[in-house]
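Just protein-v7.pdb here, PDB, C-alpha atoms:
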ATOM      1  CA  MET M   1     179.428 -43.046-110.833
ATOM      2  CA  THR M   2     182.266 -45.114-109.489
ATOM      3  CA  SER M   3     184.140 -45.533-106.257
ATOM      4  CA  PRO M   4     187.402 -47.387-105.769
ATOM      5  CA  ARG M   5     187.190 -50.884-104.328
ATOM      6  CA  PRO M   6     189.773 -51.600-101.639
ATOM      7  CA  ALA M   7     192.673 -53.753-102.690
ATOM      8  CA  PRO M   8     193.022 -57.089-100.829
ATOM      9  CA  ASP M   9     195.819 -55.688 -98.644
ATOM     10  CA  GLN M  10     194.036 -52.407 -97.979
ATOM     11  CA  HIS M  11     192.329 -51.979 -94.590
ATOM     12  CA  PRO M  12     189.855 -49.080 -94.316
ATOM     13  CA  GLU M  13     189.188 -47.495 -90.946
ATOM     14  CA  PRO M  14     186.904 -49.536 -88.684
ATOM     15  CA  VAL M  15     183.201 -48.841 -89.163
ATOM     16  CA  ARG M  16     180.173 -49.457 -87.007
ATOM     17  CA  LEU M  17     177.798 -51.751 -88.884
ATOM     18  CA  VAL M  18     174.222 -51.382 -87.707
ATOM     19  CA  GLY M  19     171.347 -53.783 -88.173
ATOM     20  CA  HIS M  20     168.876 -55.945 -86.337
ATOM     21  CA  GLY M  21     170.219 -56.854 -82.929
ATOM     22  CA  GLY M  22     172.823 -54.081 -83.131
ATOM     23  CA  GLU M  23     174.531 -52.352 -80.254
ATOM     24  CA  PRO M  24     171.928 -51.402 -77.631
ATOM     25  CA  VAL M  25     171.895 -47.817 -76.422
ATOM     26  CA  ALA M  26     169.900 -46.127 -73.702
ATOM     27  CA  PRO M  27     167.183 -43.718 -74.888
ATOM     28  CA  PRO M  28     168.190 -40.070 -74.444
ATOM     29  CA  ALA M  29     166.312 -37.839 -72.052
ATOM     30  CA  PRO M  30     165.139 -34.611 -73.750
ATOM     31  CA  SER M  31     166.712 -31.383 -72.565
ATOM     32  CA  HIS M  32     167.559 -27.960 -73.960
ATOM     33  CA  GLN M  33     171.244 -28.851 -74.029
ATOM     34  CA  HIS M  34     172.961 -31.281 -76.376
ATOM     35  CA  HIS M  35     173.773 -34.631 -74.819
ATOM     36  CA  ALA M  36     177.351 -35.131 -73.745
ATOM     37  CA  GLY M  37     179.319 -37.211 -76.214
ATOM     38  CA  HIS M  38     180.812 -40.562 -75.324
ATOM     39  CA  GLY M  39     184.261 -40.405 -73.769
ATOM     40  CA  GLY M  40     183.994 -36.666 -73.153
ATOM     41  CA  GLY M  41     183.807 -35.907 -76.893
ATOM     42  CA  PRO M  42     181.604 -33.305 -78.596
ATOM     43  CA  PRO M  43     177.959 -33.223 -77.485
ATOM     44  CA  LEU M  44     175.474 -35.195 -79.575
ATOM     45  CA  SER M  45     173.288 -33.207 -81.962
ATOM     46  CA  ILE M  46     171.368 -36.249 -83.218
ATOM     47  CA  TRP M  47     170.447 -39.392 -81.307
ATOM     48  CA  LEU M  48     168.038 -41.974 -82.741
ATOM     49  CA  VAL M  49     167.270 -45.253 -80.949
ATOM     50  CA  ASP M  50     165.307 -48.087 -82.626
ATOM     51  CA  VAL M  51     163.316 -45.637 -84.790
ATOM     52  CA  SER M  52     160.863 -46.639 -87.522
ATOM     53  CA  VAL M  53     158.900 -44.391 -89.887
ATOM     54  CA  GLY M  54     157.059 -44.513 -93.192
ATOM     55  CA  TYR M  55     154.167 -43.140 -95.233
ATOM     56  CA  GLU M  56     150.598 -44.336 -94.601
ATOM     57  CA  ASP M  57     151.053 -48.082 -94.043
ATOM     58  CA  ARG M  58     154.347 -48.448 -95.957
ATOM     59  CA  PRO M  59     157.522 -48.534 -93.843
ATOM     60  CA  VAL M  60     160.567 -46.732 -95.238
ATOM     61  CA  LEU M  61     163.011 -46.872 -92.313
ATOM     62  CA  GLU M  62     163.043 -49.447 -89.526
ATOM     63  CA  ASP M  63     165.171 -50.083 -86.426
ATOM     64  CA  VAL M  64     167.327 -46.995 -87.004
ATOM     65  CA  ASP M  65     170.095 -46.258 -84.500
ATOM     66  CA  LEU M  66     172.176 -43.159 -85.162
ATOM     67  CA  ARG M  67     174.433 -40.847 -83.161
ATOM     68  CA  LEU M  68     176.008 -37.701 -84.616
ATOM     69  CA  PRO M  69     178.051 -35.215 -82.567
ATOM     70  CA  ALA M  70     177.943 -31.452 -82.917
ATOM     71  CA  GLY M  71     180.283 -30.212 -85.638
ATOM     72  CA  SER M  72     179.706 -33.242 -87.872
ATOM     73  CA  LEU M  73     179.933 -32.896 -91.641
ATOM     74  CA  THR M  74     178.011 -36.007 -92.649
ATOM     75  CA  ALA M  75     176.886 -37.409 -95.992
ATOM     76  CA  VAL M  76     173.863 -39.718 -96.110
ATOM     77  CA  VAL M  77     174.247 -42.179 -98.982
ATOM     78  CA  GLY M  78     172.087 -45.016-100.267
ATOM     79  CA  PRO M  79     169.988 -46.257-103.189
ATOM     80  CA  ASN M  80     166.779 -44.844-104.641
ATOM     81  CA  GLY M  81     163.936 -45.116-102.158
ATOM     82  CA  GLY M  82     166.324 -46.309 -99.459
ATOM     83  CA  GLY M  83     165.244 -43.635 -96.983
ATOM     84  CA  LYS M  84     167.760 -40.782 -97.340
ATOM     85  CA  SER M  85     165.156 -38.028 -97.732
ATOM     86  CA  THR M  86     162.893 -39.639 -95.154
ATOM     87  CA  LEU M  87     165.703 -39.652 -92.585
ATOM     88  CA  LEU M  88     166.234 -35.905 -93.072
ATOM     89  CA  LYS M  89     162.493 -35.187 -92.765
ATOM     90  CA  LEU M  90     162.326 -37.298 -89.625
ATOM     91  CA  ILE M  91     165.161 -35.362 -87.980
ATOM     92  CA  ALA M  92     163.627 -32.069 -89.124
ATOM     93  CA  GLY M  93     160.326 -32.942 -87.429
ATOM     94  CA  LEU M  94     158.394 -33.131 -90.715
ATOM     95  CA  LEU M  95     157.450 -36.758 -90.042
ATOM     96  CA  GLU M  96     156.378 -38.427 -86.830
ATOM     97  CA  PRO M  97     158.153 -41.687 -86.018
ATOM     98  CA  TRP M  98     156.100 -44.854 -85.730
ATOM     99  CA  GLY M  99     158.268 -45.976 -82.849
ATOM    100  CA  GLY M 100     161.575 -45.466 -81.103
ATOM    101  CA  THR M 101     163.182 -42.432 -79.506
ATOM    102  CA  ILE M 102     164.628 -39.331 -81.175
ATOM    103  CA  SER M 103     166.603 -36.459 -79.696
ATOM    104  CA  VAL M 104     167.489 -33.506 -81.939
ATOM    105  CA  LEU M 105     169.596 -30.739 -80.422
ATOM    106  CA  GLY M 106     168.700 -32.110 -77.017
ATOM    107  CA  GLY M 107     164.925 -32.115 -77.489
ATOM    108  CA  ARG M 108     162.092 -33.646 -79.464
ATOM    109  CA  PRO M 109     162.110 -33.200 -83.267
ATOM    110  CA  GLY M 110     160.686 -29.769 -84.018
ATOM    111  CA  GLU M 111     161.138 -28.517 -80.463
ATOM    112  CA  HIS M 112     164.084 -26.364 -81.499
ATOM    113  CA  ALA M 113     162.824 -25.642 -85.017
ATOM    114  CA  ARG M 114     164.417 -22.184 -85.124
ATOM    115  CA  ALA M 115     167.832 -23.798 -84.754
ATOM    116  CA  ILE M 116     167.297 -26.127 -87.739
ATOM    117  CA  ALA M 117     167.639 -25.272 -91.432
ATOM    118  CA  TYR M 118     166.013 -27.828 -93.736
ATOM    119  CA  VAL M 119     166.608 -27.489 -97.478
ATOM    120  CA  PRO M 120     164.607 -29.885 -99.709
ATOM    121  CA  GLN M 121     165.581 -31.257-103.085
ATOM    122  CA  ALA M 122     165.345 -28.782-105.943
ATOM    123  CA  GLU M 123     162.489 -30.790-107.460
ATOM    124  CA  ALA M 124     160.306 -30.005-104.414
ATOM    125  CA  VAL M 125     160.417 -26.233-104.996
ATOM    126  CA  ASP M 126     157.985 -24.187-107.118
ATOM    127  CA  TRP M 127     160.449 -22.054-109.059
ATOM    128  CA  SER M 128     157.661 -20.065-110.769
ATOM    129  CA  PHE M 129     156.787 -18.293-107.506
ATOM    130  CA  PRO M 130     157.338 -14.542-108.138
ATOM    131  CA  VAL M 131     159.931 -13.739-105.499
ATOM    132  CA  ALA M 132     163.433 -12.282-105.738
ATOM    133  CA  ALA M 133     166.506 -14.174-104.602
ATOM    134  CA  GLY M 134     167.113 -11.748-101.748
ATOM    135  CA  ASP M 135     163.542 -12.246-100.510
ATOM    136  CA  VAL M 136     164.033 -16.007-100.521
ATOM    137  CA  VAL M 137     167.105 -15.569 -98.325
ATOM    138  CA  MET M 138     165.179 -13.248 -95.983
ATOM    139  CA  MET M 139     162.683 -16.091 -95.453
ATOM    140  CA  GLY M 140     165.406 -17.726 -93.419
ATOM    141  CA  ARG M 141     165.044 -14.914 -90.883
ATOM    142  CA  TYR M 142     161.246 -15.161 -90.491
ATOM    143  CA  PRO M 143     161.245 -17.679 -87.601
ATOM    144  CA  ARG M 144     163.359 -15.204 -85.607
ATOM    145  CA  LEU M 145     161.090 -12.230 -86.327
ATOM    146  CA  GLY M 146     157.943 -13.428 -84.619
ATOM    147  CA  PRO M 147     154.420 -12.311 -85.562
ATOM    148  CA  LEU M 148     153.825  -8.862 -87.052
ATOM    149  CA  ARG M 149     157.513  -7.950 -87.020
ATOM    150  CA  ARG M 150     159.444  -6.522 -89.930
ATOM    151  CA  PRO M 151     163.087  -7.306 -90.697
ATOM    152  CA  GLY M 152     165.493  -4.952 -88.991
ATOM    153  CA  ALA M 153     169.090  -3.963 -89.545
ATOM    154  CA  ARG M 154     170.384  -7.218 -88.029
ATOM    155  CA  ASP M 155     168.201  -9.282 -90.364
ATOM    156  CA  HIS M 156     169.272  -7.364 -93.459
ATOM    157  CA  ALA M 157     172.902  -7.737 -92.398
ATOM    158  CA  ALA M 158     172.477 -11.510 -91.993
ATOM    159  CA  VAL M 159     170.937 -11.758 -95.469
ATOM    160  CA  ALA M 160     173.670  -9.645 -97.055
ATOM    161  CA  ASN M 161     176.359 -11.741 -95.391
ATOM    162  CA  ALA M 162     174.731 -15.008 -96.514
ATOM    163  CA  LEU M 163     174.438 -13.805-100.115
ATOM    164  CA  GLU M 164     178.087 -12.773-100.080
ATOM    165  CA  LEU M 165     179.203 -16.143 -98.697
ATOM    166  CA  VAL M 166     177.570 -18.002-101.597
ATOM    167  CA  GLY M 167     178.570 -15.458-104.242
ATOM    168  CA  MET M 168     175.041 -14.236-105.041
ATOM    169  CA  THR M 169     175.107 -10.583-103.943
ATOM    170  CA  ALA M 170     174.834  -9.334-107.536
ATOM    171  CA  HIS M 171     171.713 -11.462-108.128
ATOM    172  CA  ALA M 172     169.737 -10.482-105.030
ATOM    173  CA  ARG M 173     167.003  -8.701-107.022
ATOM    174  CA  ARG M 174     166.575 -11.361-109.702
ATOM    175  CA  GLN M 175     163.466 -13.560-109.711
ATOM    176  CA  ILE M 176     164.362 -16.988-108.349
ATOM    177  CA  GLY M 177     162.969 -18.798-111.405
ATOM    178  CA  ALA M 178     165.249 -16.803-113.723
ATOM    179  CA  LEU M 179     168.396 -18.166-112.084
ATOM    180  CA  SER M 180     170.369 -21.179-113.217
ATOM    181  CA  GLY M 181     170.227 -24.437-111.279
ATOM    182  CA  GLY M 182     173.529 -23.759-109.579
ATOM    183  CA  GLN M 183     172.492 -20.219-108.657
ATOM    184  CA  ARG M 184     169.258 -21.504-107.138
ATOM    185  CA  ARG M 185     171.227 -23.941-104.971
ATOM    186  CA  ARG M 186     173.411 -21.057-103.818
ATOM    187  CA  VAL M 187     170.329 -18.987-102.907
ATOM    188  CA  PHE M 188     168.754 -21.779-100.882
ATOM    189  CA  LEU M 189     171.986 -22.399 -99.042
ATOM    190  CA  ALA M 190     172.111 -18.649 -98.356
ATOM    191  CA  ARG M 191     168.594 -18.852 -96.904
ATOM    192  CA  ALA M 192     169.795 -21.610 -94.577
ATOM    193  CA  LEU M 193     172.867 -19.585 -93.609
ATOM    194  CA  ALA M 194     170.768 -16.497 -92.894
ATOM    195  CA  SER M 195     168.727 -18.424 -90.347
ATOM    196  CA  GLN M 196     171.956 -18.981 -88.363
ATOM    197  CA  PRO M 197     171.029 -22.546 -87.359
ATOM    198  CA  ASP M 198     172.814 -25.086 -85.221
ATOM    199  CA  LEU M 199     171.786 -27.917 -87.566
ATOM    200  CA  TYR M 200     171.695 -28.039 -91.367
ATOM    201  CA  LEU M 201     169.607 -30.755 -93.073
ATOM    202  CA  LEU M 202     170.238 -30.598 -96.824
ATOM    203  CA  ASP M 203     168.649 -32.922 -99.385
ATOM    204  CA  GLU M 204     170.955 -33.292-102.410
ATOM    205  CA  PRO M 205     172.436 -29.768-102.033
ATOM    206  CA  VAL M 206     175.065 -30.097-104.771
ATOM    207  CA  THR M 207     173.366 -32.485-107.192
ATOM    208  CA  GLY M 208     173.415 -31.347-110.802
ATOM    209  CA  VAL M 209     175.657 -28.332-110.294
ATOM    210  CA  ASP M 210     178.986 -27.613-111.970
ATOM    211  CA  ASN M 211     182.248 -28.427-110.220
ATOM    212  CA  ALA M 212     182.989 -24.809-109.303
ATOM    213  CA  THR M 213     179.596 -24.389-107.627
ATOM    214  CA  GLN M 214     179.983 -27.700-105.820
ATOM    215  CA  GLU M 215     183.390 -26.697-104.468
ATOM    216  CA  ASP M 216     182.112 -23.282-103.376
ATOM    217  CA  LEU M 217     179.061 -24.643-101.569
ATOM    218  CA  MET M 218     180.982 -27.439 -99.867
ATOM    219  CA  ALA M 219     183.611 -24.940 -98.692
ATOM    220  CA  VAL M 220     180.838 -22.935 -96.999
ATOM    221  CA  LEU M 221     179.382 -26.056 -95.364
ATOM    222  CA  ASP M 222     182.818 -27.204 -94.227
ATOM    223  CA  ALA M 223     183.388 -23.831 -92.568
ATOM    224  CA  GLU M 224     180.016 -24.071 -90.807
ATOM    225  CA  ALA M 225     180.877 -27.522 -89.461
ATOM    226  CA  ARG M 226     184.288 -26.339 -88.265
ATOM    227  CA  SER M 227     182.538 -23.557 -86.363
ATOM    228  CA  GLY M 228     180.572 -26.200 -84.431
ATOM    229  CA  LYS M 229     177.417 -26.406 -86.541
ATOM    230  CA  THR M 230     176.145 -29.860 -87.520
ATOM    231  CA  VAL M 231     175.757 -30.453 -91.267
ATOM    232  CA  ILE M 232     173.921 -33.493 -92.657
ATOM    233  CA  ALA M 233     173.416 -33.775 -96.417
ATOM    234  CA  SER M 234     172.098 -36.555 -98.611
ATOM    235  CA  THR M 235     173.913 -37.376-101.831
ATOM    236  CA  HIS M 236     173.917 -40.091-104.484
ATOM    237  CA  ASP M 237     177.499 -39.209-105.488
ATOM    238  CA  LEU M 238     179.888 -41.530-103.643
ATOM    239  CA  ALA M 239     182.969 -39.770-104.990
ATOM    240  CA  SER M 240     181.699 -36.419-103.687
ATOM    241  CA  ALA M 241     180.833 -37.991-100.343
ATOM    242  CA  ALA M 242     184.377 -39.308 -99.958
ATOM    243  CA  GLN M 243     185.982 -36.057-101.068
ATOM    244  CA  HIS M 244     183.910 -33.439 -99.254
ATOM    245  CA  PHE M 245     182.509 -35.037 -96.095
ATOM    246  CA  ARG M 246     184.187 -36.243 -92.925
ATOM    247  CA  SER M 247     181.663 -38.931 -91.984
ATOM    248  CA  ILE M 248     179.210 -41.172 -93.812
ATOM    249  CA  VAL M 249     175.856 -42.725 -92.936
ATOM    250  CA  ALA M 250     174.847 -45.523 -95.328
ATOM    251  CA  VAL M 251     171.077 -46.019 -95.501
ATOM    252  CA  ASN M 252     168.911 -48.685 -97.117
ATOM    253  CA  GLY M 253     165.712 -49.246 -95.160
ATOM    254  CA  THR M 254     167.768 -48.769 -91.993
ATOM    255  CA  VAL M 255     171.189 -47.401 -91.086
ATOM    256  CA  VAL M 256     173.459 -50.022 -92.609
ATOM    257  CA  ALA M 257     176.695 -48.433 -91.405
ATOM    258  CA  GLN M 258     178.121 -45.262 -89.932
ATOM    259  CA  GLY M 259     181.751 -44.182 -89.949
ATOM    260  CA  ASP M 260     184.323 -41.931 -91.580
ATOM    261  CA  ALA M 261     184.700 -41.221 -95.283
ATOM    262  CA  SER M 262     186.533 -44.525 -95.844
ATOM    263  CA  LEU M 263     183.112 -46.213 -95.811
ATOM    264  CA  VAL M 264     182.906 -45.681 -99.559
ATOM    265  CA  LEU M 265     186.013 -47.907 -99.880
ATOM    266  CA  ASN M 266     184.438 -50.718 -97.872
ATOM    267  CA  SER M 267     183.066 -53.331-100.270
ATOM    268  CA  ASP M 268     180.944 -55.018 -97.584
ATOM    269  CA  VAL M 269     179.244 -51.743 -96.699
ATOM    270  CA  LEU M 270     178.634 -50.908-100.363
ATOM    271  CA  LEU M 271     177.142 -54.337-101.068
ATOM    272  CA  ARG M 272     174.896 -54.168 -98.008
ATOM    273  CA  THR M 273     173.779 -50.673 -98.955
ATOM    274  CA  TYR M 274     173.268 -50.994-102.713
ATOM    275  CA  GLY M 275     172.879 -54.747-103.237
ATOM    276  CA  GLY M 276     172.090 -55.545-106.859
ATOM    277  CA  HIS M 277     172.613 -51.903-107.878
ATOM    278  CA  LEU M 278     176.354 -52.291-107.320
ATOM    279  CA  LEU M 279     178.644 -53.920-109.854
ATOM    280  CA  PHE M 280     182.323 -54.596-109.202
ATOM    281  CA  VAL M 281     184.557 -54.347-112.248
ATOM    282  CA  GLY M 282     188.086 -55.289-111.254
ATOM    283  CA  GLU M 283     188.913 -53.165-108.254
ATOM    284  CA  ARG M 284     186.236 -50.527-108.880
ATOM    285  CA  ALA M 285     182.613 -50.417-107.753
ATOM    286  CA  MET M 286     180.098 -49.101-110.294
ATOM    287  CA  LEU M 287     176.746 -47.829-109.080
ATOM    288  CA  LEU M 288     173.945 -48.673-111.487
ATOM    289  CA  ASP M 289     170.668 -46.800-112.028
ATOM    290  CA  ASP M 290     170.725 -44.441-109.068
ATOM    291  CA  ALA M 291     168.953 -41.311-110.277
ATOM    292  CA  HIS M 292     168.109 -39.168-107.256
ATOM    293  CA  HIS M 293     164.586 -38.584-106.058
ATOM    294  CA  HIS M 294     162.470 -38.472-102.901
ATOM    295  CA  ASP M 295     161.570 -41.627-101.017
ATOM    296  CA  GLU M 296     158.225 -41.881-102.788
ATOM    297  CA  ALA M 297     156.232 -39.750-100.383
ATOM    298  CA  PRO M 298     152.519 -39.473-101.142
ATOM    299  CA  ALA M 299     151.721 -37.141-104.019
ATOM    300  CA  GLY M 300     149.826 -34.800-101.723
ATOM    301  CA  GLU M 301     152.658 -34.291 -99.257
ATOM    302  CA  VAL M 302     153.384 -30.640 -98.536
ATOM    303  CA  HIS M 303     156.761 -29.355 -97.376
ATOM    304  CA  HIS M 304     156.490 -26.645 -94.718
ATOM    305  CA  HIS M 305     159.816 -24.859 -94.732
ATOM    306  CA  GLU M 306     159.208 -21.917 -92.438
ATOM    307  CA  GLY M 307     156.191 -22.557 -90.231
ATOM    308  CA  THR M 308     154.835 -25.403 -88.170
ATOM    309  CA  PRO M 309     156.261 -28.694 -89.427
ATOM    310  CA  GLY M 310     153.937 -30.877 -91.427
ATOM    311  CA  ARG M 311     153.307 -34.382 -90.150
ATOM    312  CA  GLY M 312     153.315 -37.639 -91.986
ATOM    313  CA  ALA M 313     150.578 -40.150 -91.367
ATOM    314  CA  ARG M 314     151.061 -42.567 -88.542
ATOM    315  CA  ARG M 315     151.061 -46.283 -89.188
ATOM    316  CA  PRO M 316     147.708 -47.786 -88.124
TER
END
Structure rendered as structure tokens:
Amino acid sequence: MTSPRPAPDQHPEPVRLVGHGGEPVAPPAPSHQHHAGHGGGPPLSIWLVDVSVGYEDRPVLEDVDLRLPAGSLTAVVGPNGGGKSTLLKLIAGLLEPWGGTISVLGGRPGEHARAIAYVPQAEAVDWSFPVAAGDVVMMGRYPRLGPLRRPGARDHAAVANALELVGMTAHARRQIGALSGGQRRRVFLARALASQPDLYLLDEPVTGVDNATQEDLMAVLDAEARSGKTVIASTHDLASAAQHFRSIVAVNGTVVAQGDASLVLNSDVLLRTYGGHLLFVGERAMLLDDAHHHDEAPAGEVHHHEGTPGRGARRP
């Protein structure tokens, strides 16, 4: 994978580099409303202040500061084990922070779980489970049903609409394991769409799919962001991040930088993010050995997609 390196006379848009001793911000006060954005801009969907988290006694992310407004279409990029998946789980409420302050949709992580759609990496899903594609999409409606309730006309309509948006209406009755990789990605995005969330958290949603599928899925996500929904997706593909997303968060043990898509043209940001995994050949940056995977969570970790969020172990 390559990304163009800026020419000496090329000046990418300014970016906010984040690290130890970075810009101080006041912790947000939880509320049921999004926080007002700076300068009267869009309200903030995500606000992290000096946050650290990890697994057992191993830190993965430290001193994280992050602000994302509603309507963002944001790619999270970084090296293997750098914390991309962990950041998404933290925002989703699947992991408890070791320290710092987090506000998600104006409340604590998990407080507004029904308004959040979390889609894990494909490798985290048991594709042998005997369930049809349409049933998988209906799972996105379960948090809205409540106990002992059956899907009604509104739920079936939401599922049908989601399947149509991702081009999977004709495959609704097929077993999920019988679908191709690209079709499975479409179904899981449809499940997220059916839940009608305010926040999408997607772990490698278009990795390993063909170009047509990638374009289709990103068009759906772009439309959701333009409607005011917040979309955050991890990716190891810098070219895709620059082409399909409007903002970038570079992660490697912390938030290295946050800014618009021109971040992938910023050689300083790339070097700080990828270090020895980045090789410059002439005016192009080549990313070496960056196969995607989770951030080395414990083997026994369970992903709870519909019910009460699972919790990671606290640091002693």
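Closest approach to Asp216 in chain M from the set M:Leu189, M:Val76, M:Leu95, M:Ile102 is made by M:Leu189, with distances taken over all atoms listed in the file.
Closest to Val209 in chain M among M:Asn80, M:Ala117, M:Arg186, M:Gly152 is M:Arg186, based on only C-alpha atoms.
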Selected by the PyMOL selection byres ((chain M and resi 75) around 7) in the shown coordinates: which residues, as a PyMOL selection string?
chain M and resi 73-74+76-77+232-235+241+245+247-249
Pick out the residues sitting within 8 Å of Val60 in chain M, and hand them over as a list in words; count only C-alpha atoms, and ignore anything fewer than 2 positions along from it in its own chain.
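In the requested form, the answer reads Ser52, Val53, Gly54, Tyr55, Arg58, Glu62, Gly81, Gly82, Gly83, Thr86, Gly253 and Asp295 of chain M.
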Please measure the separation of CA of Arg144 in chain M and CA of His156 in chain M, giving the value in Å to one decimal.
12.6 Å
Considering all atoms listed in the file, state which residue in the set M:Ala170, M:Ala70, M:Val125, M:Leu270 is at the smallest distance from Leu238 in chain M.
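Smallest separation from Leu238 in chain M among the options: M:Leu270.
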Nearest to Phe188 in chain M, chosen from M:Ala92, M:Val137, M:Gly71, M:Leu263, with all atoms listed in the file counted in the distances
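Closest candidate: M:Val137.
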Picked residues, the PyMOL selection byres ((chain M and resi 49) around 7), as a PyMOL selection string:
chain M and resi 25+27+47-48+50-51+64-66+100-102
Using only C-alpha atoms, which protein or nucleic acid residues come within 12 Å of Trp127 in chain M? Drop anything in the same chain fewer than 5 positions from it, and give the result as a short mmCIF file (atom, residue, chain, number, x, y, z; two decimals) with C-alpha atoms, in the coordinates of the input.
data_model
loop_
_atom_site.label_atom_id
_atom_site.label_comp_id
_atom_site.auth_asym_id
_atom_site.auth_seq_id
_atom_site.Cartn_x
_atom_site.Cartn_y
_atom_site.Cartn_z
CA ALA M 122 165.34 -28.78 -105.94
CA ALA M 132 163.43 -12.28 -105.74
CA ALA M 133 166.51 -14.17 -104.60
CA VAL M 136 164.03 -16.01 -100.52
CA GLN M 175 163.47 -13.56 -109.71
CA ILE M 176 164.36 -16.99 -108.35
CA GLY M 177 162.97 -18.80 -111.40
CA ALA M 178 165.25 -16.80 -113.72
CA LEU M 179 168.40 -18.17 -112.08
CA SER M 180 170.37 -21.18 -113.22
CA GLY M 181 170.23 -24.44 -111.28
CA ARG M 184 169.26 -21.50 -107.14
CA ARG M 185 171.23 -23.94 -104.97
CA PHE M 188 168.75 -21.78 -100.88
#
Going by the chain IDs and residue numbers used in this file, which residues fall under the PyMOL selection byres ((chain M and resi 229) around 6)? Write them as a PyMOL selection string.
chain M and resi 71+198-199+224-225+227-228+230
Expected file: the selected residues, C-alpha atoms, as a PDB file, in the coordinates of the input:
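The resulting file, selection_13.pdb, is shown below:
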ATOM      1  CA  GLY M  71     180.283 -30.212 -85.638  1.00  0.00           C
ATOM      2  CA  ASP M 198     172.814 -25.086 -85.221  1.00  0.00           C
ATOM      3  CA  LEU M 199     171.786 -27.917 -87.566  1.00  0.00           C
ATOM      4  CA  GLU M 224     180.016 -24.071 -90.807  1.00  0.00           C
ATOM      5  CA  ALA M 225     180.877 -27.522 -89.461  1.00  0.00           C
ATOM      6  CA  SER M 227     182.538 -23.557 -86.363  1.00  0.00           C
ATOM      7  CA  GLY M 228     180.572 -26.200 -84.431  1.00  0.00           C
ATOM      8  CA  THR M 230     176.145 -29.860 -87.520  1.00  0.00           C
TER       9      THR M 230
END
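We find CA of Pro59 in chain M and CA of Val255 in chain M to be spaced 14.0 Å apart.
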One decimal, in Å: what's the spacing between CA of Tyr142 in chain M and CA of Glu215 in chain M?
28.6 Å
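Candidate residues M:Gly99, M:Pro151, M:Gly167, M:Gly78 were compared for distance to Thr254 in chain M, and the nearest is M:Gly78, using all atoms listed in the file.
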Closest of M:Leu44, M:Leu265, M:Val104, M:Leu221 to Leu88 in chain M - atom-to-atom distances counting all atoms listed in the file:
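Residue with the minimum atom-to-atom distance to Leu88 in chain M: M:Val104.
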Written record: range 100-111 of chain M, N, CA and C atoms, as a tab-separated table (two decimals), in the first residue's frame:
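Result file follows (part_37.tsv):
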chain	number	residue	atom	x	y	z
M	100	GLY	N	-8.90	9.03	32.88
M	100	GLY	CA	-9.36	10.04	31.94
M	100	GLY	C	-10.87	10.16	31.92
M	101	THR	N	-11.35	10.98	31.01
M	101	THR	CA	-12.78	11.28	30.90
M	101	THR	C	-13.26	11.03	29.48
M	102	ILE	N	-14.41	10.38	29.35
M	102	ILE	CA	-14.99	10.10	28.03
M	102	ILE	C	-16.44	10.55	28.01
M	103	SER	N	-16.82	11.23	26.95
M	103	SER	CA	-18.22	11.53	26.69
M	103	SER	C	-18.56	11.03	25.30
M	104	VAL	N	-19.60	10.20	25.21
M	104	VAL	CA	-20.06	9.64	23.94
M	104	VAL	C	-21.54	9.98	23.78
M	105	LEU	N	-21.85	10.75	22.76
M	105	LEU	CA	-23.21	11.22	22.54
M	105	LEU	C	-23.76	11.94	23.77
M	106	GLY	N	-22.87	12.64	24.46
M	106	GLY	CA	-23.29	13.44	25.60
M	106	GLY	C	-23.42	12.69	26.90
M	107	GLY	N	-22.98	11.45	26.96
M	107	GLY	CA	-23.07	10.68	28.20
M	107	GLY	C	-21.89	9.76	28.36
M	108	ARG	N	-21.93	8.90	29.36
M	108	ARG	CA	-20.87	7.93	29.57
M	108	ARG	C	-20.91	6.86	28.48
M	109	PRO	N	-19.77	6.23	28.17
M	109	PRO	CA	-19.79	5.14	27.18
M	109	PRO	C	-20.78	4.06	27.59
M	110	GLY	N	-21.62	3.66	26.68
M	110	GLY	CA	-22.64	2.65	26.97
M	110	GLY	C	-23.94	3.20	27.47
M	111	GLU	N	-23.95	4.47	27.89
M	111	GLU	CA	-25.19	5.05	28.43
M	111	GLU	C	-26.26	5.17	27.35
